[in-house]
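One structure is given here, and the rest of the page talks about it.
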Amino acid sequence: MKGLWRAREASTVAILAIEILFFTWYLWPEAGRPHPFLNLGNVLLIFKYSSIYGIAAIGAAIVIISGGLDLAPGAVIALTTVVTGYCFVQAQWSLAPSIVAGLLVGLATGALSSWLVVRVGITPFIATLGVMGMARGAAYVVTEARYYDLSARLPRDWRIAGVSIDWAGPIIMIGLAVVFQILMRRFQWGRSIFAVGGNETAAIFSGIQVGRVKTSAYLIAGLLASISGVVLAIVQGQGKADLANGYELDIIASAVVGGTSLTGGRGSVVGAVLGALIFGVLRNALPQIPGATFYDRLIVGVAVIGIVVMDRTIGSRGSKAA
Amino acid sequence: MPGLEFRGVSKAFGAVRALDDVSFGVAAGETHACVGENGAGKSTLLKILAGIVSPDRGEIRWQDERLRLTGPRDALERGIGLVSQETLAFPNLSVAGNIFAGREITRRGGRLDEPAMLARTAALLEELHVPVSPGTGMDRLPAAYAQLVQVARALAFDCRVLVLDEPTTALTDAEVDHLFGVLARLKAQGVTVLFVSHRLPEVFRLCDRITVLRDGHFVTTVARAATTLDAVVRAMVGREPPARLAGSGEETRGRPLLAVRDFTRRPAFEYVSLDVHAGEVVGLFGLVGSGRSELLETIFGLHAPQAGTMAIEGRPIAPRSAADATRAGLALVPEDRQRQGLFANLSVRHNLALPRAAQRRLRLIHAGDEQRLAQHAVDALSIKTSSLDATPDQLSGGNQQKVVTGKWLATEPRVLLLDEPTKGVDVGAKFEIHAIIRQQVRAGMGCLMASSDLPEVLAIADRILVMRQGGLRGEITGAMATEENVMRLAAHAAPPSAGLRPAGPAAGAHP
């Protein structure tokens, strides 16, 4: 499996492990009481909420590695919950076609972003900022300050093959991470993503269809954001325009903390998922520390910088050893 | 008078010893050349002198005083000005903005004193005979003037030592003359010049003494009058340079491979017709701006021609992308390896494997195939790299160029297009690349090589097409292939003599 996993992912795993060990130690309970952090229910909780931006972070990492940027995923997640909710609750469709309708949202926004970037030639930041506004706006237009309550029509204590629906997000996230890691490292398509992000001109000269490669990246990012949206709609039981507010930054931060370079050409999708878990653990554990509740966002902000700096020191040592 | 002195200067980057105990002196007021192959340590020496890196051991003395440079700014303020290879500077600023960047003239309260800077810039430009206005945007200057603006910047800091790193790479002969005129005047004013170049004829024309470095070691310092060009080349590479590689082409030339007819893409070139046969190197010589690069890129499908047709082995083709062109049997080694050829984020192995994979529309990466392909290229082209997993920026310029050449040879092209195949590479690698090209041609490939390096064209091309102002101006073969004849065609109209065929519409059609 040499080449599929790199020193980059190893250092992200190390940071995650240190984080888990720290909170396990810090939150160690008095004798006889259950551990508030290290128990199955809480681990599920961390996975469940991390998966919502973790799935989208896979797509964000791919776009960033290709030399682009996608600011739309938070808004796309919201619009997906709204469209899925509209089809399922308002139009009384069954669940499967409602989910498909939700996934089409991401493909559509991804197609729009890629068209703006590849054909019209707008810089990714501006193009996807516009798409983000449009997607969020469309979600408000459809809901008009209401929200769709999916939970009423969803089965209670829903299990698929004996597994609680709560595990759907984590399973999808891990599955997609593995699939895309293989696609990025073992398939020519992934190599092209790295090549285009590393040197676009050389990619054109090398016979790579740069436009197609970029289009595929934005389409995948859109689709994965929509999958996040579907998971959120089902887990939360809601279709609502103001869900996933500000998630785009968490999603990008997950990718960056996972070793993806914003200048393009370097990074990892597994790293992005690990990055999402690093944030998930922070978000879960911090509120359990007495008095830390209001420091939550502040600490997360400091952690982004700290982790990237740490990763760089570990990473540079790793690459010298390689 | 004591000038500049390097004493036991050593510098290592990781395991690579870039400079090892280098000592030599440059007399004050002399024009001194520093030559050597890529990897000889010239760039490191210049960077130390310009305060960009600090030496591990040893010292630099100026007029018997030890220089302890804290940074590029410090070097500049002590009168050491570096004119670097990259002429870019700040393309978004004006000429005056570039000259005073970081040291702007200000009035009270830090407000910029534009009139003062413009006036000073105008004076400097006049001194250097650069006929541009100080407010002109840097991105609108031709390369030669951009270079001279760097000289002006050094002069604005009252520099006593001017260091030039490969300053003539992008210049035409007339522009080189201009630059050398400026340097001669500066010398008359007592400025010490340290000149680094691959172009030995220029070194011999300009410099009083020549210092040769090889593999990070000092080899020798010789007075120009006491040496010859061949002796310096021997000192640089440590062996004899090979003789002319090309024949007349007649004996090796096979069936026609590439036929281009009336290719036009204004304003770069128009009505270009040419043929490339199996077993020959066709040289495409022209000065900068003659349309060579754009012609090759258009043949390679990167631009659409406005008119004209093209065929490979008689089959018409109209590639609309580089991928199309590679499938038709074309490959292009582009002019600018950093920008157009290499992926700094990918390993040498992956760089070598990419075009072939794109050409064959591979989906799954087969690690074993990739390994074999990369190893074969590294062996066949004797690419010096610590491992196949090294990134291209860890390689010397010559080895980078071999990687770019290798990645295209891996596509097994029938016609190889080369654009300045040895630009900015050292003499040793240049000979090796020439040998590789000749070897491929002997194996039946056709090659169209654009170059502004006339000795190179004369050395390996079987026949030479001369391009000027977007059109083919003639063809030169065999004994007529002399520097003078080629230059005359490239710079002006053809002389009326046998063996020089003016190119008409049918000039490409050979018997």
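Lettering and numbering for the structure tokens are positional, with chains as A, B, ... in the shown order, residues counted from 1 in each chain, and ligands counted from 1 in the shown order.
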
Dump as a tab-separated table the rows for residues of chain A within 9 Å of chain B: closest atom pair and distance in Å with one decimal, only C-alpha atoms counted, ordered by chain and rising residue number.
residue	atom	partner	partner_atom	distance
A:Leu183	CA	B:Leu364	CA	8.6
A:Arg185	CA	B:Ile365	CA	8.2
A:Arg186	CA	B:Ile365	CA	5.2
A:Phe187	CA	B:Leu364	CA	4.4
A:Gln188	CA	B:Arg363	CA	5.1
A:Trp189	CA	B:Arg363	CA	6.8
A:Arg191	CA	B:Leu354	CA	8.1
A:Ser192	CA	B:Leu354	CA	8.2
A:Phe194	CA	B:Leu346	CA	7.7
A:Ala195	CA	B:Phe343	CA	6.4
A:Val196	CA	B:Phe343	CA	8.8
A:Gly197	CA	B:Asn345	CA	8.7
A:Gly198	CA	B:Asn345	CA	5.6
A:Asn199	CA	B:Phe343	CA	5.7
A:Glu200	CA	B:Gln340	CA	8.3
A:Thr201	CA	B:Gln340	CA	5.3
A:Ala202	CA	B:Gln340	CA	4.0
A:Ala203	CA	B:Gln340	CA	7.7
A:Ile204	CA	B:Ala322	CA	6.9
A:Phe205	CA	B:Ala322	CA	6.0
A:Ser206	CA	B:Pro355	CA	5.1
A:Gly207	CA	B:Ala323	CA	3.9
A:Ile208	CA	B:Ala358	CA	6.0
A:Gln209	CA	B:Ala323	CA	7.6
A:Gly264	CA	B:Asn345	CA	9.0
A:Gly265	CA	B:Asn345	CA	5.9
A:Arg266	CA	B:Asn345	CA	6.8
A:Ala322	CA	B:Asp389	CA	8.7

Contacts of Leu150 of chain A within 9 Å, only C-alpha atoms, excl. fewer than 2 positions in-chain, as number ranges by chain: A: 84-85, 88-89, 148, 152-154, 233-234, 236-239

Just asking: which residues within segment 46-244 of chain A are strand (DSSP E or B) according to DSSP, as a PyMOL selection string? chain A and resi 148-149+159-160+163-164+187+238-239

With C-alpha atoms retained, write the just-selected residues as a PDB file, in the first residue's frame.
ATOM      1  CA  TYR A 148     -39.811  21.205   6.476  1.00  0.00           C
ATOM      2  CA  ASP A 149     -40.214  18.677   9.262  1.00  0.00           C
ATOM      3  CA  ARG A 159     -32.499   0.774  11.451  1.00  0.00           C
ATOM      4  CA  ILE A 160     -31.030  -0.539   8.230  1.00  0.00           C
ATOM      5  CA  VAL A 163     -27.699  -0.584  12.279  1.00  0.00           C
ATOM      6  CA  SER A 164     -29.107   2.685  13.565  1.00  0.00           C
ATOM      7  CA  PHE A 187      -6.097   6.466 -10.850  1.00  0.00           C
ATOM      8  CA  GLN A 238     -35.296  19.106   9.113  1.00  0.00           C
ATOM      9  CA  GLY A 239     -35.095  20.967   5.827  1.00  0.00           C
TER      10      GLY A 239
END

In terms of only C-alpha atoms, the residue from B:Leu417, B:Leu330, B:Leu257, B:Leu45 at minimal distance from Ser23 of chain B is B:Leu45

Residues near Ala72 of chain A, anyone? I mean within 9 Å using only C-alpha atoms, not counting same-chain ones fewer than 4 positions away, as a PyMOL selection string. chain A and resi 76-77+109-110+113+128-133+135-136+222+225+248

Export, as a tab-separated table (two decimals), in the first residue's frame, the selected residues with C-alpha atoms.
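Resulting contents of result-v2.tsv:
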chain	number	residue	atom	x	y	z
A	76	VAL	CA	-25.35	23.77	-0.81
A	77	ILE	CA	-25.91	21.62	2.28
A	109	THR	CA	-24.31	24.07	-8.16
A	110	GLY	CA	-21.11	22.19	-8.98
A	113	SER	CA	-19.30	26.77	-10.30
A	128	THR	CA	-18.11	30.12	-5.66
A	129	LEU	CA	-18.86	33.11	-3.40
A	130	GLY	CA	-21.59	33.97	-5.91
A	131	VAL	CA	-22.83	30.39	-6.07
A	132	MET	CA	-22.86	30.29	-2.26
A	133	GLY	CA	-25.08	33.38	-2.16
A	135	ALA	CA	-27.75	28.61	-3.12
A	136	ARG	CA	-28.43	30.13	0.31
A	222	GLY	CA	-21.04	19.77	-5.16
A	225	ALA	CA	-21.83	18.68	-0.24
A	248	GLU	CA	-17.83	26.41	4.35

Any idea what's packed within 12 Å of Thr482 of chain B, counting only C-alpha atoms, ignoring anything in its chain fewer than 6 positions away? Could you give it as JSON, numbers by chain? {"B": [454, 455, 456, 457, 458, 459, 461, 463, 464, 476, 488, 489, 499, 500]}

Produce a file of the selected residues containing C-alpha atoms, as an mmCIF file, in the first residue's frame.
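New file part18.cif:
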data_model
loop_
_atom_site.group_PDB
_atom_site.id
_atom_site.type_symbol
_atom_site.label_atom_id
_atom_site.label_comp_id
_atom_site.auth_asym_id
_atom_site.auth_seq_id
_atom_site.Cartn_x
_atom_site.Cartn_y
_atom_site.Cartn_z
ATOM 1 C CA LEU B 454 23.155 29.352 -33.277
ATOM 2 C CA PRO B 455 26.122 27.103 -32.433
ATOM 3 C CA GLU B 456 23.603 24.533 -31.214
ATOM 4 C CA VAL B 457 21.619 24.662 -34.440
ATOM 5 C CA LEU B 458 24.774 24.396 -36.500
ATOM 6 C CA ALA B 459 26.006 21.480 -34.387
ATOM 7 C CA ALA B 461 20.626 20.227 -37.340
ATOM 8 C CA ARG B 463 19.249 21.474 -42.352
ATOM 9 C CA ILE B 464 18.266 24.831 -41.025
ATOM 10 C CA ILE B 476 20.355 26.301 -45.420
ATOM 11 C CA ARG B 488 22.242 37.078 -42.428
ATOM 12 C CA LEU B 489 18.954 35.336 -43.231
ATOM 13 C CA GLY B 499 22.592 26.561 -51.516
ATOM 14 C CA LEU B 500 20.392 29.227 -50.012
#

Run DSSP on the backbone of this structure and report the residues of segment 180-312 of chain A it assigns to helix (DSSP H, G or I), as a VMD selection string. chain A and resid 180 to 186 188 to 198 200 to 205 210 to 236 247 to 257 269 to 288 293 to 312

For Ala57 of chain A: contacts at 12 Å, only C-alpha atoms, fewer than 2 positions along chain excluded, given as a PDB file with C-alpha atoms, in the first residue's frame:
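Just written: around-v4.pdb:
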ATOM      1  CA  SER A  50     -18.250  15.350  12.059  1.00  0.00           C
ATOM      2  CA  SER A  51     -19.564  13.408   9.081  1.00  0.00           C
ATOM      3  CA  ILE A  52     -21.771  16.275   8.014  1.00  0.00           C
ATOM      4  CA  TYR A  53     -18.861  18.523   7.155  1.00  0.00           C
ATOM      5  CA  GLY A  54     -16.419  15.629   6.800  1.00  0.00           C
ATOM      6  CA  ILE A  55     -18.160  14.341   3.671  1.00  0.00           C
ATOM      7  CA  GLY A  59     -14.877  17.385  -2.018  1.00  0.00           C
ATOM      8  CA  ALA A  60     -13.310  20.596  -0.748  1.00  0.00           C
ATOM      9  CA  ALA A  61      -9.917  18.884  -0.544  1.00  0.00           C
ATOM     10  CA  ILE A  62     -10.230  17.662  -4.141  1.00  0.00           C
ATOM     11  CA  VAL A  63     -11.110  21.150  -5.410  1.00  0.00           C
ATOM     12  CA  ILE A  64      -8.284  22.751  -3.428  1.00  0.00           C
ATOM     13  CA  ILE A  65      -5.738  20.161  -4.612  1.00  0.00           C
ATOM     14  CA  LEU A  69     -11.507  26.773  -3.964  1.00  0.00           C
ATOM     15  CA  ASP A  70     -15.161  26.116  -3.146  1.00  0.00           C
ATOM     16  CA  LEU A  71     -16.970  28.452  -0.759  1.00  0.00           C
ATOM     17  CA  ALA A  72     -20.401  27.052  -1.604  1.00  0.00           C
ATOM     18  CA  PRO A  73     -20.680  23.776   0.370  1.00  0.00           C
ATOM     19  CA  GLY A  74     -22.365  25.244   3.489  1.00  0.00           C
ATOM     20  CA  ILE A  77     -25.907  21.623   2.285  1.00  0.00           C
ATOM     21  CA  MET A 173     -17.925   9.431   5.192  1.00  0.00           C
ATOM     22  CA  ILE A 174     -15.458   6.617   5.776  1.00  0.00           C
ATOM     23  CA  LEU A 176     -16.222   7.873   0.463  1.00  0.00           C
ATOM     24  CA  ALA A 177     -12.840   8.717   2.021  1.00  0.00           C
ATOM     25  CA  PHE A 180     -11.634   8.883  -3.150  1.00  0.00           C
ATOM     26  CA  ILE A 220     -17.709  16.043  -7.078  1.00  0.00           C
ATOM     27  CA  ALA A 221     -17.435  18.790  -4.466  1.00  0.00           C
ATOM     28  CA  GLY A 222     -21.043  19.772  -5.165  1.00  0.00           C
ATOM     29  CA  LEU A 223     -22.263  16.195  -5.059  1.00  0.00           C
ATOM     30  CA  LEU A 224     -20.454  15.484  -1.797  1.00  0.00           C
ATOM     31  CA  ALA A 225     -21.835  18.678  -0.241  1.00  0.00           C
ATOM     32  CA  SER A 226     -25.293  17.425  -1.219  1.00  0.00           C
ATOM     33  CA  ILE A 227     -24.627  14.045   0.359  1.00  0.00           C
ATOM     34  CA  SER A 228     -23.719  15.968   3.521  1.00  0.00           C
ATOM     35  CA  TYR A 247     -19.838  25.465   7.434  1.00  0.00           C
ATOM     36  CA  GLU A 248     -17.831  26.413   4.347  1.00  0.00           C
ATOM     37  CA  LEU A 249     -15.038  27.666   6.595  1.00  0.00           C
ATOM     38  CA  ASP A 250     -15.120  24.561   8.816  1.00  0.00           C
ATOM     39  CA  ILE A 251     -15.032  22.430   5.681  1.00  0.00           C
ATOM     40  CA  ILE A 252     -12.062  24.269   4.191  1.00  0.00           C
ATOM     41  CA  ALA A 253     -10.333  24.269   7.599  1.00  0.00           C
ATOM     42  CA  SER A 254     -10.831  20.489   7.839  1.00  0.00           C
ATOM     43  CA  ALA A 255      -9.106  20.020   4.492  1.00  0.00           C
ATOM     44  CA  VAL A 256      -6.254  22.360   5.438  1.00  0.00           C
ATOM     45  CA  VAL A 257      -5.749  20.833   8.875  1.00  0.00           C
ATOM     46  CA  GLY A 258      -5.657  17.477   7.065  1.00  0.00           C
ATOM     47  CA  THR A 260      -4.124  20.101   1.978  1.00  0.00           C
ATOM     48  CA  GLY A 267      -3.160  17.215   0.033  1.00  0.00           C
ATOM     49  CA  SER A 268      -5.210  14.196   0.926  1.00  0.00           C
ATOM     50  CA  VAL A 269      -8.902  13.336   1.215  1.00  0.00           C
ATOM     51  CA  VAL A 270      -8.325  11.003   4.137  1.00  0.00           C
ATOM     52  CA  GLY A 271      -6.514  13.895   5.776  1.00  0.00           C
ATOM     53  CA  ALA A 272      -9.598  16.067   5.240  1.00  0.00           C
ATOM     54  CA  VAL A 273     -11.777  13.503   7.039  1.00  0.00           C
ATOM     55  CA  LEU A 274      -9.251  13.282   9.869  1.00  0.00           C
ATOM     56  CA  GLY A 275      -9.297  17.079   9.995  1.00  0.00           C
ATOM     57  CA  ALA A 276     -13.070  17.012  10.313  1.00  0.00           C
ATOM     58  CA  LEU A 277     -12.729  14.531  13.197  1.00  0.00           C
ATOM     59  CA  PHE A 279     -12.724  19.564  14.869  1.00  0.00           C
TER      60      PHE A 279
END

Which residues are close to Leu38 of chain A, i.e. within 7 Å by only C-alpha atoms, leaving aside same-chain residues fewer than 4 positions away? Reply as a PyMOL selection string. chain A and resi 24+42-43

Any chance you could export the current selection's C-alpha atoms as a short mmCIF file (atom, residue, chain, number, x, y, z; two decimals), in the first residue's frame?
data_model
loop_
_atom_site.label_atom_id
_atom_site.label_comp_id
_atom_site.auth_asym_id
_atom_site.auth_seq_id
_atom_site.Cartn_x
_atom_site.Cartn_y
_atom_site.Cartn_z
CA THR A 24 -9.61 11.37 27.89
CA ASN A 42 -20.36 10.01 22.66
CA VAL A 43 -18.08 8.54 19.98
#

Quote the spacing between atom CA of Val118 of chain A and atom CA of Ala318 of chain B in Å to one decimal place.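 Computed distance, atom CA of Val118 of chain A to atom CA of Ala318 of chain B, equals 23.4 Å.
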
When you look at Ser396 of chain B with a cut-off of 10 Å (counting only C-alpha atoms), what residues show up, excluding the ones that are within fewer than 3 positions of it in the same chain? I need them as a PyMOL selection string. chain B and resi 37-40+383-385+392-393+399-402+425-426+429

Emit the selected residues as a PDB file, in the first residue's frame, including N, CA and C atoms.
ATOM      1  N   GLU B  37      29.445  24.527 -15.011  1.00  0.00           N
ATOM      2  CA  GLU B  37      28.213  23.872 -15.369  1.00  0.00           C
ATOM      3  C   GLU B  37      27.162  24.154 -14.311  1.00  0.00           C
ATOM      4  N   ASN B  38      25.889  23.841 -14.615  1.00  0.00           N
ATOM      5  CA  ASN B  38      24.875  23.939 -13.570  1.00  0.00           C
ATOM      6  C   ASN B  38      25.248  22.959 -12.477  1.00  0.00           C
ATOM      7  N   GLY B  39      25.099  23.403 -11.237  1.00  0.00           N
ATOM      8  CA  GLY B  39      25.509  22.547 -10.137  1.00  0.00           C
ATOM      9  C   GLY B  39      26.952  22.774  -9.751  1.00  0.00           C
ATOM     10  N   ALA B  40      27.632  23.689 -10.468  1.00  0.00           N
ATOM     11  CA  ALA B  40      29.028  23.968 -10.137  1.00  0.00           C
ATOM     12  C   ALA B  40      29.130  24.830  -8.897  1.00  0.00           C
ATOM     13  N   ILE B 383      19.781  10.624 -16.143  1.00  0.00           N
ATOM     14  CA  ILE B 383      19.281  11.690 -15.277  1.00  0.00           C
ATOM     15  C   ILE B 383      19.854  11.470 -13.884  1.00  0.00           C
ATOM     16  N   LYS B 384      20.504  12.489 -13.362  1.00  0.00           N
ATOM     17  CA  LYS B 384      21.082  12.351 -12.016  1.00  0.00           C
ATOM     18  C   LYS B 384      20.070  12.830 -10.985  1.00  0.00           C
ATOM     19  N   THR B 385      19.506  11.862 -10.253  1.00  0.00           N
ATOM     20  CA  THR B 385      18.554  12.198  -9.196  1.00  0.00           C
ATOM     21  C   THR B 385      18.778  11.261  -8.031  1.00  0.00           C
ATOM     22  N   PRO B 392      11.281  17.563  -8.833  1.00  0.00           N
ATOM     23  CA  PRO B 392      12.170  18.159  -9.830  1.00  0.00           C
ATOM     24  C   PRO B 392      13.016  19.316  -9.298  1.00  0.00           C
ATOM     25  N   ASP B 393      12.509  20.053  -8.291  1.00  0.00           N
ATOM     26  CA  ASP B 393      13.279  21.203  -7.822  1.00  0.00           C
ATOM     27  C   ASP B 393      14.560  20.787  -7.104  1.00  0.00           C
ATOM     28  N   ASN B 399      19.416  18.359 -15.548  1.00  0.00           N
ATOM     29  CA  ASN B 399      18.667  17.140 -15.260  1.00  0.00           C
ATOM     30  C   ASN B 399      17.162  17.392 -15.321  1.00  0.00           C
ATOM     31  N   GLN B 400      16.731  18.583 -14.943  1.00  0.00           N
ATOM     32  CA  GLN B 400      15.314  18.938 -15.119  1.00  0.00           C
ATOM     33  C   GLN B 400      14.944  18.878 -16.594  1.00  0.00           C
ATOM     34  N   GLN B 401      15.824  19.442 -17.426  1.00  0.00           N
ATOM     35  CA  GLN B 401      15.547  19.448 -18.862  1.00  0.00           C
ATOM     36  C   GLN B 401      15.486  18.013 -19.385  1.00  0.00           C
ATOM     37  N   LYS B 402      16.324  17.139 -18.845  1.00  0.00           N
ATOM     38  CA  LYS B 402      16.286  15.736 -19.274  1.00  0.00           C
ATOM     39  C   LYS B 402      14.983  15.072 -18.838  1.00  0.00           C
ATOM     40  N   VAL B 425      20.945  25.341 -19.617  1.00  0.00           N
ATOM     41  CA  VAL B 425      21.554  24.140 -19.022  1.00  0.00           C
ATOM     42  C   VAL B 425      23.061  24.218 -19.246  1.00  0.00           C
ATOM     43  N   ASP B 426      23.818  23.489 -18.436  1.00  0.00           N
ATOM     44  CA  ASP B 426      25.260  23.599 -18.510  1.00  0.00           C
ATOM     45  C   ASP B 426      25.813  22.861 -19.729  1.00  0.00           C
ATOM     46  N   ALA B 429      25.538  18.894 -19.847  1.00  0.00           N
ATOM     47  CA  ALA B 429      24.188  18.398 -20.096  1.00  0.00           C
ATOM     48  C   ALA B 429      23.754  18.724 -21.520  1.00  0.00           C
TER      49      ALA B 429
END

So the first atom is atom CA of Ala111 of chain A and the second is atom CA of Lys214 of chain A; what is the distance between them in Å, to one decimal place?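 One can read the atom CA of Ala111 of chain A to atom CA of Lys214 of chain A distance as 10.5 Å.
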